[in-house]
file start-v5.txt (compact mmCIF, C-alpha atoms)
# COMPACT_ATOMS: atom_id res chain seq x y z
CA MET A 30 122.52 114.14 100.43
CA LYS A 31 119.29 115.42 98.89
CA VAL A 32 116.02 113.52 99.19
CA ALA A 33 112.34 114.28 98.55
CA TYR A 34 109.29 112.37 99.74
CA GLY A 35 105.77 111.76 98.50
CA ASP A 36 104.22 114.25 100.93
CA ASN A 37 106.32 117.04 99.38
CA THR A 38 108.74 117.18 102.31
CA SER A 39 112.49 117.06 101.70
CA ALA A 40 115.85 116.91 103.43
CA THR A 41 119.46 117.84 102.64
CA GLY A 42 122.65 116.91 104.43
CA ASP A 43 125.55 114.45 104.32
CA TYR A 44 125.96 110.69 104.21
CA ALA A 45 127.78 108.91 107.02
CA LEU A 46 128.67 105.44 108.28
CA ASP A 47 128.12 104.24 111.83
CA ASP A 48 126.98 101.23 113.83
CA LEU A 49 123.24 100.67 114.32
CA THR A 50 121.72 98.73 117.20
CA ILE A 51 118.24 97.35 116.54
CA GLY A 52 116.42 94.45 118.13
CA GLY A 53 119.45 93.84 120.34
CA VAL A 54 121.95 93.25 117.52
CA VAL A 55 124.61 95.59 116.16
CA ILE A 56 124.92 96.27 112.43
CA THR A 57 128.31 97.75 111.63
CA ALA A 58 129.19 100.31 108.96
CA MET A 59 125.63 101.20 108.06
CA GLN A 60 125.19 104.10 105.66
CA PHE A 61 122.61 106.74 106.47
CA GLY A 62 121.89 110.40 105.90
CA ILE A 63 122.34 113.19 108.43
CA MET A 64 119.74 115.91 107.84
CA TYR A 65 120.99 119.46 108.32
CA GLN A 66 118.03 121.16 106.69
CA GLY A 67 114.61 119.86 105.77
CA THR A 68 110.88 119.88 106.22
CA THR A 69 110.31 116.22 107.09
CA ARG A 70 109.23 115.66 110.70
CA TYR A 71 110.40 112.08 111.19
CA GLY A 72 113.49 109.97 110.77
CA ILE A 73 113.06 107.42 108.00
CA LEU A 74 114.65 103.98 107.87
CA GLY A 75 114.43 102.76 104.29
CA ILE A 76 114.09 98.99 103.94
CA GLY A 77 112.89 98.74 100.36
CA LEU A 78 114.64 97.50 97.26
CA PRO A 79 118.13 99.05 97.07
CA GLY A 80 117.46 100.50 93.63
CA ILE A 81 115.26 103.21 95.12
CA GLU A 82 117.73 104.38 97.74
CA SER A 83 118.31 108.09 97.23
CA THR A 84 121.89 107.61 96.04
CA ALA A 85 120.66 105.41 93.20
CA GLN A 86 117.97 107.93 92.31
CA TYR A 87 120.61 110.64 91.90
CA GLY A 88 123.02 108.47 89.92
CA LEU A 89 125.43 107.93 92.80
CA GLY A 90 125.12 104.14 92.85
CA GLN A 91 123.46 101.78 95.29
CA TYR A 92 124.45 100.99 98.85
CA ASN A 93 123.50 98.12 101.11
CA ASN A 94 120.49 99.01 103.25
CA LEU A 95 119.45 97.38 106.52
CA PRO A 96 117.96 94.08 105.21
CA ILE A 97 121.01 93.44 103.04
CA LEU A 98 123.44 94.30 105.84
CA LEU A 99 121.61 91.89 108.16
CA VAL A 100 122.28 89.14 105.60
CA ASN A 101 125.87 90.15 104.92
CA GLN A 102 126.68 90.25 108.64
CA GLY A 103 125.14 86.83 109.28
CA TYR A 104 122.04 87.69 111.27
CA ILE A 105 119.45 86.45 108.76
CA GLN A 106 119.64 84.21 105.69
CA SER A 107 117.67 86.31 103.18
CA ALA A 108 116.82 89.96 102.70
CA ALA A 109 113.25 89.34 103.83
CA TYR A 110 111.06 90.53 106.67
CA SER A 111 107.50 90.34 107.98
CA LEU A 112 105.33 93.32 108.87
CA TRP A 113 102.45 93.16 111.37
CA LEU A 114 100.79 96.52 112.05
CA ASN A 115 98.13 94.97 114.27
CA GLY A 116 95.31 97.19 113.11
CA ASP A 117 95.20 100.91 112.44
CA GLN A 118 92.83 101.60 115.33
CA THR A 119 94.34 99.51 118.10
CA ALA A 120 95.17 101.29 121.34
CA ALA A 121 98.36 103.22 121.88
CA GLY A 122 101.08 100.94 123.22
CA THR A 123 99.73 97.92 121.37
CA ASN A 124 102.41 95.67 119.92
CA ARG A 125 103.31 96.18 116.28
CA THR A 126 106.35 94.38 114.94
CA ILE A 127 108.74 94.04 112.06
CA LEU A 128 110.48 90.67 112.03
CA PHE A 129 113.63 90.39 109.93
CA GLY A 130 114.35 86.88 108.66
CA GLY A 131 111.26 85.21 110.06
CA VAL A 132 107.52 84.57 109.78
CA ASP A 133 105.22 84.54 112.81
CA THR A 134 102.40 82.07 112.15
CA ASP A 135 100.40 83.35 115.12
CA LYS A 136 99.90 86.68 113.38
CA PHE A 137 97.85 85.61 110.33
CA TYR A 138 94.95 83.41 109.25
CA GLY A 139 95.22 80.61 106.71
CA SER A 140 98.09 80.34 104.26
CA LEU A 141 100.43 82.95 102.88
CA VAL A 142 99.77 83.69 99.20
CA THR A 143 102.69 84.70 96.99
CA LEU A 144 102.40 87.80 94.81
CA PRO A 145 105.30 88.72 92.50
CA PHE A 146 106.43 92.31 92.42
CA VAL A 147 105.57 94.03 89.14
CA ALA A 148 106.66 97.23 87.47
CA GLY A 149 104.92 100.39 88.63
CA PRO A 150 102.99 102.57 86.20
CA PHE A 151 106.01 104.79 85.54
CA ASP A 152 108.76 102.16 85.86
CA THR A 153 110.54 100.06 83.24
CA GLY A 154 111.15 97.19 85.66
CA VAL A 155 110.60 96.11 89.26
CA GLN A 156 111.85 98.90 91.50
CA GLU A 157 109.29 99.04 94.32
CA PHE A 158 106.77 96.85 96.12
CA PHE A 159 104.06 96.93 93.46
CA VAL A 160 101.78 93.90 93.16
CA THR A 161 98.82 93.35 90.85
CA LEU A 162 95.54 94.37 92.47
CA GLN A 163 92.94 92.47 90.45
CA GLY A 164 89.91 94.33 91.78
CA VAL A 165 88.11 96.05 94.64
CA GLN A 166 84.57 95.56 95.91
CA MET A 167 82.58 96.20 99.05
CA SER A 168 80.68 93.59 101.05
CA ASN A 169 77.73 93.93 103.40
CA GLY A 170 77.34 92.25 106.75
CA SER A 171 76.18 89.01 105.11
CA GLY A 172 79.23 88.81 102.90
CA ASN A 173 77.33 89.74 99.74
CA PRO A 174 79.47 91.76 97.31
CA ILE A 175 78.67 95.33 96.35
CA ALA A 176 80.06 96.17 92.90
CA LEU A 177 82.03 99.38 92.44
CA ASN A 178 82.72 101.43 89.33
CA GLU A 179 86.00 100.24 87.78
CA GLY A 180 86.28 97.77 90.65
CA SER A 181 87.20 94.94 88.30
CA THR A 182 90.03 96.78 86.51
CA PRO A 183 93.47 95.37 87.47
CA VAL A 184 96.09 97.93 88.49
CA PRO A 185 99.56 97.77 90.06
CA GLY A 186 99.21 98.62 93.73
CA LEU A 187 102.12 99.75 95.90
CA LEU A 188 102.43 98.06 99.31
CA ASP A 189 103.71 101.08 101.21
CA SER A 190 104.02 101.23 104.98
CA GLY A 191 105.34 104.77 104.60
CA THR A 192 101.92 106.08 103.51
CA SER A 193 99.31 106.46 106.23
CA ILE A 194 96.21 106.02 104.06
CA MET A 195 95.28 104.39 100.75
CA GLN A 196 95.11 106.00 97.36
CA LEU A 197 92.87 104.43 94.70
CA PRO A 198 91.96 105.33 91.09
CA ALA A 199 89.59 108.30 91.09
CA VAL A 200 86.49 106.61 89.65
CA LEU A 201 86.85 103.64 91.99
CA ALA A 202 87.44 105.84 95.03
CA GLN A 203 84.46 108.04 94.16
CA SER A 204 82.27 104.94 94.04
CA ILE A 205 83.33 104.06 97.59
CA PHE A 206 82.77 107.63 98.73
CA SER A 207 79.23 107.55 97.31
CA ALA A 208 78.45 104.27 99.06
CA LEU A 209 79.55 105.78 102.37
CA ASN A 210 78.00 109.24 101.83
CA ALA A 211 81.42 110.83 102.20
CA VAL A 212 82.08 114.56 102.23
CA ILE A 213 85.13 115.53 100.13
CA THR A 214 87.11 118.57 101.22
CA SER A 215 89.09 120.95 99.02
CA ASP A 216 92.33 119.11 99.80
CA ASN A 217 90.93 115.82 98.48
CA LEU A 218 90.25 114.20 101.87
CA ALA A 219 87.08 112.19 102.50
CA TYR A 220 85.12 112.37 105.75
CA VAL A 221 82.33 110.01 106.79
CA ASP A 222 79.97 109.52 109.70
CA CYS A 223 82.04 108.44 112.71
CA THR A 224 79.47 105.77 113.61
CA LEU A 225 80.62 103.77 110.56
CA THR A 226 83.36 102.34 112.75
CA SER A 227 80.72 99.85 113.93
CA SER A 228 79.38 99.13 110.44
CA PRO A 229 79.59 95.53 109.13
CA LEU A 230 80.67 96.83 105.70
CA THR A 231 84.09 95.89 104.38
CA VAL A 232 86.20 97.04 101.45
CA ASP A 233 87.60 93.93 99.77
CA PHE A 234 90.91 93.93 97.88
CA ILE A 235 91.13 91.09 95.40
CA PHE A 236 94.48 89.57 94.42
CA THR A 237 95.29 86.36 92.59
CA GLY A 238 94.55 83.63 95.10
CA ILE A 239 93.42 85.79 98.01
CA THR A 240 91.05 88.58 99.04
CA ILE A 241 91.86 90.90 101.95
CA SER A 242 88.74 92.39 103.54
CA VAL A 243 89.33 95.65 105.40
CA PRO A 244 86.54 96.52 107.87
CA LEU A 245 85.39 100.10 108.22
CA SER A 246 86.60 99.96 111.82
CA GLN A 247 90.11 100.10 110.34
CA LEU A 248 89.30 102.63 107.62
CA VAL A 249 87.49 105.30 109.64
CA LEU A 250 90.14 107.24 111.53
CA PRO A 251 89.72 109.38 114.68
CA ILE A 252 90.64 112.60 112.87
CA ASN A 253 87.64 114.87 112.86
CA LEU A 254 86.24 117.42 110.44
CA SER A 255 83.36 117.93 112.90
CA PRO A 256 82.23 116.10 116.04
CA THR A 257 80.35 113.58 113.88
CA GLN A 258 82.60 113.39 110.79
CA CYS A 259 85.78 111.31 110.80
CA LEU A 260 88.53 110.91 108.22
CA LEU A 261 88.25 107.97 105.84
CA GLY A 262 91.66 106.40 105.35
CA LEU A 263 91.30 106.36 101.60
CA GLU A 264 91.61 109.03 98.93
CA ALA A 265 91.37 109.33 95.16
CA THR A 266 94.38 109.78 92.92
CA MET A 267 94.56 113.43 91.97
CA VAL A 268 95.72 112.80 88.40
CA SER A 269 94.62 110.32 85.73
CA GLY A 270 96.81 107.24 85.83
CA GLY A 271 98.16 108.11 89.26
CA ILE A 272 99.77 105.57 91.54
CA THR A 273 97.54 103.19 93.52
CA ILE A 274 98.95 103.03 97.04
CA LEU A 275 97.97 100.36 99.56
CA GLY A 276 99.11 102.18 102.67
CA ASP A 277 98.70 101.57 106.39
CA THR A 278 94.90 101.46 106.34
CA PHE A 279 95.24 98.41 104.07
CA LEU A 280 98.32 96.92 105.71
CA SER A 281 96.62 97.17 109.12
CA SER A 282 94.45 94.20 108.12
CA THR A 283 97.20 92.31 106.30
CA TYR A 284 100.21 90.25 107.34
CA VAL A 285 102.94 90.80 104.74
CA VAL A 286 106.28 89.11 104.17
CA PHE A 287 108.50 91.22 101.91
CA ASP A 288 111.04 89.02 100.09
CA LEU A 289 113.52 91.42 98.53
CA ASP A 290 115.80 88.69 97.17
CA ASN A 291 113.05 87.00 95.14
CA LYS A 292 111.04 90.18 94.52
CA GLN A 293 107.83 88.79 96.02
CA ALA A 294 105.29 89.60 98.69
CA HIS A 295 103.54 86.89 100.68
CA ILE A 296 100.26 88.02 102.23
CA ALA A 297 97.45 86.75 104.45
CA PRO A 298 94.69 88.29 106.60
CA ALA A 299 96.19 89.58 109.85
CA VAL A 300 95.23 88.38 113.31
CA LEU A 301 94.68 91.47 115.44
CA ASN A 302 95.76 91.75 119.07
CA SER A 303 97.64 88.45 119.06
CA THR A 304 99.54 87.94 122.30
CA SER A 305 101.45 84.82 121.24
CA GLU A 306 104.14 84.10 118.70
CA ASN A 307 105.36 81.10 116.73
CA ILE A 308 108.30 82.16 114.61
CA VAL A 309 109.58 80.17 111.64
CA GLN A 310 112.88 81.07 110.03
CA ILE A 311 113.06 82.37 106.46
CA GLY A 312 115.74 80.46 104.58
CA SER A 313 117.57 81.32 101.39
CA GLY A 314 117.10 80.67 97.69
CA PRO A 315 114.01 80.80 95.46
CA ASN A 316 111.73 79.23 98.11
CA ALA A 317 113.17 81.09 101.07
CA VAL A 318 109.82 82.00 102.64
CA PRO A 319 108.46 78.79 104.19
CA SER A 320 105.09 77.34 103.17
CA VAL A 321 103.50 77.69 106.58
CA THR A 322 99.92 78.03 107.74
CA GLY A 323 98.69 80.54 110.27
CA ILE A 324 95.89 79.98 112.74
CA HIS A 325 92.43 78.91 111.61
CA THR A 326 90.41 80.36 114.47
CA SER A 327 91.03 83.01 117.09
CA LYS A 328 93.13 81.89 120.02
CA SER A 329 94.39 83.70 123.05
CA SER A 330 97.74 82.05 123.55
CA ALA A 331 100.26 79.72 122.04
CA THR A 332 103.62 78.35 123.01
CA SER A 333 106.51 79.47 120.85
CA SER A 334 108.89 76.78 119.68
CA THR A 335 111.77 79.25 119.83
CA SER A 336 113.70 80.75 122.68
CA THR A 337 113.98 84.45 123.34
CA ILE A 338 116.69 86.67 124.68
CA THR A 339 115.75 90.00 126.23
CA THR A 340 118.20 92.88 126.45
CA SER A 341 117.60 96.30 127.95
CA THR A 342 118.77 99.73 126.91
CA SER A 343 118.24 103.06 128.56
CA SER A 344 115.06 103.75 126.60
CA THR A 345 113.37 100.50 125.70
CA THR A 346 113.57 96.72 125.63
CA ARG A 347 114.52 94.91 122.44
CA ARG A 348 114.01 91.22 121.82
CA ILE A 349 115.94 88.87 119.59
CA THR A 350 114.03 85.72 118.76
CA THR A 351 116.37 82.82 118.17
CA THR A 352 116.47 79.17 117.30
CA PRO A 353 119.53 77.10 118.16
CA ARG A 354 122.24 78.32 115.78
CA PRO A 355 125.82 78.98 116.79
CA SER A 356 127.11 82.54 116.90
CA HIS A 357 124.13 84.34 115.33
CA CYS A 358 120.41 84.80 115.73
CA ASN A 359 118.00 83.76 112.98
CA HIS A 360 115.61 86.68 113.33
CA VAL A 361 115.75 90.26 114.46
CA ARG A 362 112.55 91.49 116.04
CA SER A 363 111.80 95.11 116.87
CA PRO A 364 108.66 96.93 118.01
CA LEU A 365 107.14 99.63 115.82
CA THR A 366 105.58 102.94 116.73
CA TYR A 367 103.20 105.02 114.64
CA ALA A 368 103.67 108.57 113.48
CA GLN A 369 100.66 110.79 112.94
CA PRO A 370 98.72 110.13 109.71
CA THR A 371 100.24 111.87 106.71
CA LYS A 372 98.43 112.88 103.55
CA TYR A 373 100.23 112.08 100.30
CA PRO A 374 99.26 113.71 97.00
call {"tool": "encode", "arguments": {"input": "start-v5.txt", "output": "structure tokens"}}
result
Amino acid sequence: MKVAYGDNTSATGDYALDDLTIGGVVITAMQFGIMYQGTTRYGILGIGLPGIESTAQYGLGQYNNLPILLVNQGYIQSAAYSLWLNGDQTAAGTNRTILFGGVDTDKFYGSLVTLPFVAGPFDTGVQEFFVTLQGVQMSNGSGNPIALNEGSTPVPGLLDSGTSIMQLPAVLAQSIFSALNAVITSDNLAYVDCTLTSSPLTVDFIFTGITISVPLSQLVLPINLSPTQCLLGLEATMVSGGITILGDTFLSSTYVVFDLDNKQAHIAPAVLNSTSENIVQIGSGPNAVPSVTGIHTSKSSATSSTSTITTSTSSTTRRITTTPRPSHCNHVRSPLTYAQPTKYP
């Protein structure tokens, strides 16, 4: 095994097969890498398209990753899952979930909008979670748009939960930096006044059929250059034509359903700090992700139409959310934890 990551870390070792327990269910014969040497600090569970698994990248063929194994072993009907990061600035211990095989309508506003995956700037076909970003603008507290340089130029943007911050085309990013009076350091990081966390300004990401507005409270991170200067969770691409990455500081405000089988993302504005759930099963076929509507206004509680089973392990509690179905559960639900922010070139 030999893998390299976007932050210039790497790992070498062997591949192995073993059983994996997640969300209270057991996936048998799952392939994974055992790192003997490396510079990466965290274990990584890849749940992207199988064509970008490291074995495929090195010409060793593809193997079935976790979403596909969950389908093959009867736990879910499609290789699809929902991601709810619940804000980038919510308190430690706050719930963040990945839901395999289901959609939680209490975690987003309005309707899910479908975006097909497209080829990345250096790809010949669909290999990763790129979608077409039609434009970017800023808005003031009254909702009036603030135009940005090159903000109306469509680009493929990578929905990447493995990248802590966003990366935008240089001219566009510089326009945002200027609007926020950012200080750029020698390693390409932008720092702004920490008080901007209470600013009404938003950065708006425009897609076909939907706009996701990310408030500065989610973009200004508590990583300090000085007592009054905080890291902005956005950087400029370092090379012309570099990859646009919509990382965690974008996904924190977005509810995303990743449909690997149909090569689509379904997105909506996220509801933060939701304490209720209403889970709808993802089916199979070309319309696997259900046409469901989230909540229209904030609400503090809701009654789930599903039952839940709670199981305990020595370290944590996992929940499987189920609807009546013999032998297997329809969804696999697991809590997420955050690593420290990582800068990607």
call {"tool": "atom_distance", "arguments": {"input": "start-v5.txt", "atom1": "atom CA of A:Leu141", "atom2": "atom CA of A:Ile194"}}
result
23.5 Å
call {"tool": "residues_around", "arguments": {"input": "start-v5.txt", "residues": "A:Ile324", "least_positions_apart": "2", "cutoff": "7 Å", "atoms": "only C-alpha atoms", "output": "short mmCIF file (atom, residue, chain, number, x, y, z; two decimals) with C-alpha atoms, in the frame of the given file"}}
result
data_model
loop_
_atom_site.label_atom_id
_atom_site.label_comp_id
_atom_site.auth_asym_id
_atom_site.auth_seq_id
_atom_site.Cartn_x
_atom_site.Cartn_y
_atom_site.Cartn_z
CA THR A 134 102.40 82.07 112.15
CA ASP A 135 100.40 83.35 115.12
CA PHE A 137 97.85 85.61 110.33
CA TYR A 138 94.95 83.41 109.25
CA GLY A 139 95.22 80.61 106.71
CA THR A 322 99.92 78.03 107.74
CA THR A 326 90.41 80.36 114.47
#
call {"tool": "residues_around", "arguments": {"input": "start-v5.txt", "residues": "A:Ala45", "least_positions_apart": "6", "cutoff": "9 Å", "atoms": "only C-alpha atoms", "output": "list in words"}}
result
Ala58, Met59, Gln60, Phe61, Gly62 and Ile63 of chain A
call {"tool": "atom_distance", "arguments": {"input": "start-v5.txt", "atom1": "atom CA of A:Ile272", "atom2": "atom CA of A:Phe158"}}
result
12.1 Å
call {"tool": "atom_distance", "arguments": {"input": "start-v5.txt", "atom1": "atom CA of A:Val184", "atom2": "atom CA of A:Phe151"}}
result
12.4 Å
call {"tool": "residues_near_point", "arguments": {"input": "start-v5.txt", "point": "(98.5, 97.3, 88.3)", "cutoff": "7 Å", "atoms": "only C-alpha atoms", "output": "compact mmCIF listing (two decimals) with C-alpha atoms, keeping the file's coordinate frame"}}
result
# COMPACT_ATOMS: atom_id res chain seq x y z
CA VAL A 160 101.78 93.90 93.16
CA THR A 161 98.82 93.35 90.85
CA LEU A 162 95.54 94.37 92.47
CA PRO A 183 93.47 95.37 87.47
CA VAL A 184 96.09 97.93 88.49
CA PRO A 185 99.56 97.77 90.06
CA GLY A 186 99.21 98.62 93.73
call {"tool": "residues_around", "arguments": {"input": "start-v5.txt", "residues": "stretch 220-226 of chain A", "least_positions_apart": "4", "cutoff": "6 Å", "atoms": "all atoms listed in the file", "output": "compact mmCIF listing (two decimals) with C-alpha atoms, in the frame of the given file"}}
result
# COMPACT_ATOMS: atom_id res chain seq x y z
CA ALA A 211 81.42 110.83 102.20
CA VAL A 212 82.08 114.56 102.23
CA LEU A 245 85.39 100.10 108.22
CA SER A 246 86.60 99.96 111.82
CA VAL A 249 87.49 105.30 109.64
CA THR A 257 80.35 113.58 113.88
CA GLN A 258 82.60 113.39 110.79
CA CYS A 259 85.78 111.31 110.80
CA LEU A 260 88.53 110.91 108.22
CA LEU A 261 88.25 107.97 105.84
call {"tool": "closest_residue", "arguments": {"input": "start-v5.txt", "among": "A:Val142, A:Ile56, A:Leu188, A:Ile311", "to": "A:Gly238", "atoms": "all atoms listed in the file"}}
result
A:Val142
call {"tool": "residues_near_point", "arguments": {"input": "start-v5.txt", "point": "(93.6, 83.7, 94.8)", "cutoff": "10 Å", "atoms": "all atoms listed in the file", "output": "VMD selection string"}}
result
chain A and resid 142 to 144 163 235 to 240
call {"tool": "closest_residue", "arguments": {"input": "start-v5.txt", "among": "A:Ile51, A:Leu114, A:Leu99, A:Met267", "to": "A:Ser215", "atoms": "all atoms listed in the file"}}
result
A:Met267
call {"tool": "closest_atom_pairs", "arguments": {"input": "start-v5.txt", "of": "stretch 159-237 of chain A", "to": "stretch 279-288 of chain A", "cutoff": "12 Å", "atoms": "only C-alpha atoms", "output": "Markdown table"}}
result
| residue | atom | partner | partner_atom | distance |
| --- | --- | --- | --- | --- |
| A:Phe159 | CA | A:Phe287 | CA | 11.1 |
| A:Val160 | CA | A:Phe287 | CA | 11.4 |
| A:Gly186 | CA | A:Phe279 | CA | 11.1 |
| A:Leu187 | CA | A:Phe279 | CA | 10.8 |
| A:Leu188 | CA | A:Leu280 | CA | 7.7 |
| A:Asp189 | CA | A:Leu280 | CA | 8.2 |
| A:Ser190 | CA | A:Leu280 | CA | 7.2 |
| A:Gly191 | CA | A:Leu280 | CA | 10.6 |
| A:Thr192 | CA | A:Leu280 | CA | 10.1 |
| A:Ser193 | CA | A:Phe279 | CA | 9.3 |
| A:Ile194 | CA | A:Phe279 | CA | 7.7 |
| A:Met195 | CA | A:Phe279 | CA | 6.8 |
| A:Gln196 | CA | A:Phe279 | CA | 10.1 |
| A:Leu197 | CA | A:Phe279 | CA | 11.4 |
| A:Thr231 | CA | A:Ser282 | CA | 11.1 |
| A:Val232 | CA | A:Phe279 | CA | 9.5 |
| A:Asp233 | CA | A:Phe279 | CA | 9.8 |
| A:Phe234 | CA | A:Phe279 | CA | 8.8 |
call {"tool": "residues_around", "arguments": {"input": "start-v5.txt", "residues": "stretch 171-179 of chain A", "least_positions_apart": "6", "cutoff": "8 Å", "atoms": "all atoms listed in the file", "output": "ChimeraX atom specification"}}
result
/A:165,200-201,204-205
call {"tool": "closest_residue", "arguments": {"input": "start-v5.txt", "among": "A:Pro198, A:Thr153, A:Thr278, A:Met167", "to": "A:Thr182", "atoms": "only C-alpha atoms"}}
result
A:Pro198
call {"tool": "closest_residue", "arguments": {"input": "start-v5.txt", "among": "A:Glu157, A:Gly130, A:Asp47, A:Gly103", "to": "A:Ile81", "atoms": "all atoms listed in the file"}}
result
A:Glu157
call {"tool": "closest_residue", "arguments": {"input": "start-v5.txt", "among": "A:Thr57, A:Ser168, A:Asn253, A:Gln247", "to": "A:Asp277", "atoms": "only C-alpha atoms"}}
result
A:Gln247
call {"tool": "closest_residue", "arguments": {"input": "start-v5.txt", "among": "A:Ala299, A:Val321, A:Leu98, A:Val268", "to": "A:Ser242", "atoms": "all atoms listed in the file"}}
result
A:Ala299
